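First up is the structure itself, then whatever we jot down about it.
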Amino acid sequence: MDTDPAPATAPRGVAPEPLPLAGLTVVAVEQAVSAPFATRQLADLGARVIKVERPDGGDFARAYDTAAHGLASHFVWANRGKESLALDLKDPRGLEVLHGLLAGADVFVQNLAQGAAARLGIDAAALCARYPRLVAVDVSGYGPEGPYAHKRAYDMLVQCEAGLVSVTGTPEVPVKAGVPAADIAAAMYAFSGVLAALLRRGTTGRGGPVEVSMLDALAEWMGHPLHHTMHGGEQPVRTGLAHAVIAPYDAYPTADGDRVLLSVQNDREWGRLARQVLGRPDLAEDPAYATNAARTRGREKTDAVVAEALGRLGADEAVGLLEAAGIACARLNSVAQLAAHPQLAARDRWRQVDSPAGPLRALLPPIGLPGGAEPRMGAVPALGEHTDALLRALGMTGAQITALRRDGVIA
């Protein structure tokens, strides 16, 4: 199959279509991952995103680690293309500055601890009543009401509450997902919720509140095991990389120390695997292996036969034979191997993003807009990097800005 080309551009001499969110202004009082990742999607598509951070350290994700040339990897990932305003919202003067920005904004996003935004008067309901065209998003852990409303809601905790951990891992050990699945789920529903609300505003002229909780988002992603269990089935068992009702379906070690995952979907594929890869044509007709039901019943024997054959091959040779036989397969890549993945390189998916630590490598966002301008992958901001410029744009004088900085209201 041919690989996809690099992101399409407009024909020669024809200006590319503008980014779809160009001209929109987003104000975000955000921290950690869920809200920042949502607003980064908006920034990539052309929106101006003003990130409001505490003067004393800013978004606490800035201090998670120093892996990205001295910067925090979470922060670099979720905050490119934004302007940083270091502002104390507990000071009335800081809150006044925020409202000055909101008066001209299209979208507001916040994921403060439950109740904190309402105490400041910047929850979605209050802001939409004050600014009728504003789309205002509240991202929370468990939603605004109910017995869990005020519980702390870190990603790992929500993965547990949503049952994701119960279906992930091995039969002996449940594990959380290796990426912040609850944060990402909430972020993507907040992103799509903003787009839907903006479309509605185009028809009605009014914005309105958008509500997203991490638990609701991840519970939706649990749809298959949830419906399977609720409607008469048993909870799916944890099977690691294996499949509960298909065999062979697992990752198998190769002679060079890698692992190759393969999946046999039907008995015709098993026949091709037996003849062309395993070198055991007899197993295509052997009643102990010929049907998926038999292979699953004898999973240990099935896996042993496959493991023995692949264990004699290097990963490249194994993948070549499997693909020639029409068997679905993949390498069990490390993160470093993902960073060097030939498909990403062939499709020109890598760009450089500026940051306070210098240029950093970053992937293009997954949404492609052929014929349009390339996503705007702006710089990762330093804390308060844009404070003075934003305040001047609101009409503040140098003396007023100096006074706010002296009093710790800005940084």
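A note on labels: chains of the structure tokens are A, B, ... as shown, every chain counts residues from 1, and ligands are counted from 1 in their shown order.
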Closest contacts (segment 190-309 of chain A/segment 44-57 of chain A, max 12 Å, only C-alpha atoms) as JSON lines:
{"residue": "A:Phe191", "atom": "CA", "partner": "A:Leu45", "partner_atom": "CA", "distance": 11.1}
{"residue": "A:Val194", "atom": "CA", "partner": "A:Ala47", "partner_atom": "CA", "distance": 11.8}
{"residue": "A:Leu195", "atom": "CA", "partner": "A:Leu45", "partner_atom": "CA", "distance": 11.1}
Would you mind writing down, as a ChimeraX atom specification, each residue of segment 88-177 of chain A that DSSP on the backbone assigns to strand (DSSP E or B)? /A:107-110,135-140,169,174
| Quick one: distance from atom CA of Leu383 of chain A to atom CA of Leu87 of chain A in Å, one decimal? |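 Between these atoms lies a distance of 10.2 Å.
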Atom CA of Cys128 of chain A to atom CA of Leu101 of chain A measures 14.2 Å
Just checking: using only C-alpha atoms, which residue out of A:Gly207, A:Pro366, A:Gly257, A:Gly169 ends up closest to Leu344 of chain A?
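The closest residue to Leu344 of chain A is A:Pro366.
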*So which bits of segment 234-401 of chain A end up alpha helix (DSSP H) when you DSSP the backbone, as an MDAnalysis selection string?*
chainID A and resid 267:276 292:297 299:310 315:324 335:339 342:346 387:393 398:401
Task: Selection: 8 Å around segment 59-67 of chain A, only C-alpha atoms, excl. self and same-chain fewer than 3 positions, as a PyMOL selection string - done: chain A and resi 30-33+53-54+70-75
Could you list, as a short mmCIF file (atom, residue, chain, number, x, y, z; two decimals) with all heavy atoms, in the first residue's frame, every residue within 8 Å of Ser166 of chain A, counting only C-alpha atoms and ignoring same-chain residues fewer than 5 positions away?
data_model
loop_
_atom_site.label_atom_id
_atom_site.label_comp_id
_atom_site.auth_asym_id
_atom_site.auth_seq_id
_atom_site.Cartn_x
_atom_site.Cartn_y
_atom_site.Cartn_z
N CYS A 160 -9.05 4.25 37.73
CA CYS A 160 -9.53 3.21 38.66
C CYS A 160 -11.05 3.29 38.82
O CYS A 160 -11.75 2.27 38.74
CB CYS A 160 -8.84 3.35 40.01
SG CYS A 160 -7.09 2.90 40.01
N PRO A 174 -3.61 -6.05 37.70
CA PRO A 174 -4.22 -4.94 36.97
C PRO A 174 -3.24 -3.77 36.89
O PRO A 174 -2.46 -3.55 37.81
CB PRO A 174 -5.44 -4.59 37.83
CG PRO A 174 -5.06 -4.99 39.21
CD PRO A 174 -4.15 -6.19 39.07
N VAL A 175 -3.28 -3.04 35.79
CA VAL A 175 -2.38 -1.90 35.64
C VAL A 175 -3.16 -0.73 35.02
O VAL A 175 -4.14 -0.92 34.32
CB VAL A 175 -1.16 -2.24 34.75
CG1 VAL A 175 -0.33 -3.35 35.34
CG2 VAL A 175 -1.60 -2.59 33.33
N ARG A 238 -8.69 -9.83 32.13
CA ARG A 238 -7.43 -9.21 31.70
C ARG A 238 -6.57 -10.28 31.04
O ARG A 238 -6.34 -11.35 31.61
CB ARG A 238 -6.69 -8.61 32.89
CG ARG A 238 -7.42 -7.44 33.54
CD ARG A 238 -6.55 -6.79 34.61
NE ARG A 238 -6.17 -7.73 35.64
CZ ARG A 238 -6.92 -8.00 36.73
NH1 ARG A 238 -8.08 -7.39 36.89
NH2 ARG A 238 -6.50 -8.87 37.62
#
- Out of A:Arg133, A:Lys90, A:Arg275, A:His386, which residue has the shortest atom-to-atom distance to Leu120 of chain A when counting only C-alpha atoms?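 Distance minimum relative to Leu120 of chain A lands on A:Lys90.
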**Message:** Residues within 10 Å of Leu164 of chain A, please, as a list in words. Count only C-alpha atoms; anything in the same chain fewer than 3 positions from it doesn't count.
**Reply:**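 Non-adjacent residues within range: Met156, Val158, Gln159, Cys160, Glu161, Val167, Thr168, Gly169, Pro174, Val175, Lys176, Ala177, Ala181, Ala182, Leu218, Ala219, Trp221, Met222 and Pro225 of chain A.
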Keeping only C-alpha atoms, write the selected residues as a PDB file, in the first residue's frame.
ATOM      1  CA  MET A 156      -4.780   7.395  37.838  1.00  0.00           C
ATOM      2  CA  VAL A 158     -10.218   8.251  37.539  1.00  0.00           C
ATOM      3  CA  GLN A 159      -8.805   5.310  35.566  1.00  0.00           C
ATOM      4  CA  CYS A 160      -9.534   3.207  38.656  1.00  0.00           C
ATOM      5  CA  GLU A 161     -13.001   4.644  39.265  1.00  0.00           C
ATOM      6  CA  VAL A 167      -9.657  -4.644  32.284  1.00  0.00           C
ATOM      7  CA  THR A 168      -6.015  -3.662  31.675  1.00  0.00           C
ATOM      8  CA  GLY A 169      -3.027  -5.807  32.565  1.00  0.00           C
ATOM      9  CA  PRO A 174      -4.221  -4.943  36.969  1.00  0.00           C
ATOM     10  CA  VAL A 175      -2.379  -1.897  35.635  1.00  0.00           C
ATOM     11  CA  LYS A 176      -3.258   1.637  34.653  1.00  0.00           C
ATOM     12  CA  ALA A 177      -2.835   2.764  31.070  1.00  0.00           C
ATOM     13  CA  ALA A 181      -6.154   8.236  29.421  1.00  0.00           C
ATOM     14  CA  ALA A 182      -8.696  10.054  31.617  1.00  0.00           C
ATOM     15  CA  LEU A 218     -13.493   7.673  30.326  1.00  0.00           C
ATOM     16  CA  ALA A 219     -16.737   5.835  31.128  1.00  0.00           C
ATOM     17  CA  TRP A 221     -14.444   4.946  26.337  1.00  0.00           C
ATOM     18  CA  MET A 222     -15.294   1.890  28.456  1.00  0.00           C
ATOM     19  CA  PRO A 225     -16.742  -3.840  28.396  1.00  0.00           C
TER      20      PRO A 225
END
Quiz item: Within 10 Å of Glu145 of chain A, counting only C-alpha atoms, which residues qualify if same-chain residues fewer than 4 places away don't, as a ChimeraX atom specification?
Solution: /A:114,149-150
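Coordinates place atom CA of Ile246 of chain A at a distance of 22.4 Å from atom CA of Gly320 of chain A.
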Exercise: Arg376 of chain A partners within 10 Å, only C-alpha atoms, chain neighbours under 4 positions left out, as a PDB file with C-alpha atoms, in the first residue's frame:
ATOM      1  CA  LEU A  19      -6.776  27.568   9.540  1.00  0.00           C
ATOM      2  CA  ALA A  22      -8.037  31.714  12.878  1.00  0.00           C
ATOM      3  CA  GLN A  41      -5.819  21.516  19.843  1.00  0.00           C
ATOM      4  CA  LEU A  42      -7.533  24.893  19.418  1.00  0.00           C
ATOM      5  CA  ALA A  43      -4.169  26.662  19.113  1.00  0.00           C
ATOM      6  CA  ASP A  44      -2.937  24.175  16.513  1.00  0.00           C
ATOM      7  CA  LEU A  45      -6.007  24.985  14.396  1.00  0.00           C
ATOM      8  CA  GLY A  46      -5.321  28.710  14.489  1.00  0.00           C
ATOM      9  CA  ALA A  47      -6.982  30.078  17.620  1.00  0.00           C
ATOM     10  CA  ARG A  80       2.708  24.974  22.520  1.00  0.00           C
ATOM     11  CA  GLY A  81       1.310  27.922  20.606  1.00  0.00           C
ATOM     12  CA  VAL A 353       8.669  23.902  17.986  1.00  0.00           C
ATOM     13  CA  LEU A 364       2.075  17.403  13.644  1.00  0.00           C
ATOM     14  CA  PRO A 365      -1.435  17.129  15.130  1.00  0.00           C
TER      15      PRO A 365
END
**Prompt:** With only C-alpha atoms as the basis for distance, which of A:Ala15, A:Val29, A:Pro342, A:Ser140 is at the shortest distance from Asp88 of chain A?
**Reply:**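 Between A:Ala15, A:Val29, A:Pro342, A:Ser140, the residue approaching Asp88 of chain A most closely is A:Val29.
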**Prompt:** Between A:Ala330, A:Ala339, A:Ala68, A:Ala318, which has the minimum distance to Pro359 of chain A (counting only C-alpha atoms)?
**Reply:**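 When distances to Pro359 of chain A are compared using only C-alpha atoms, the smallest one comes from A:Ala68.
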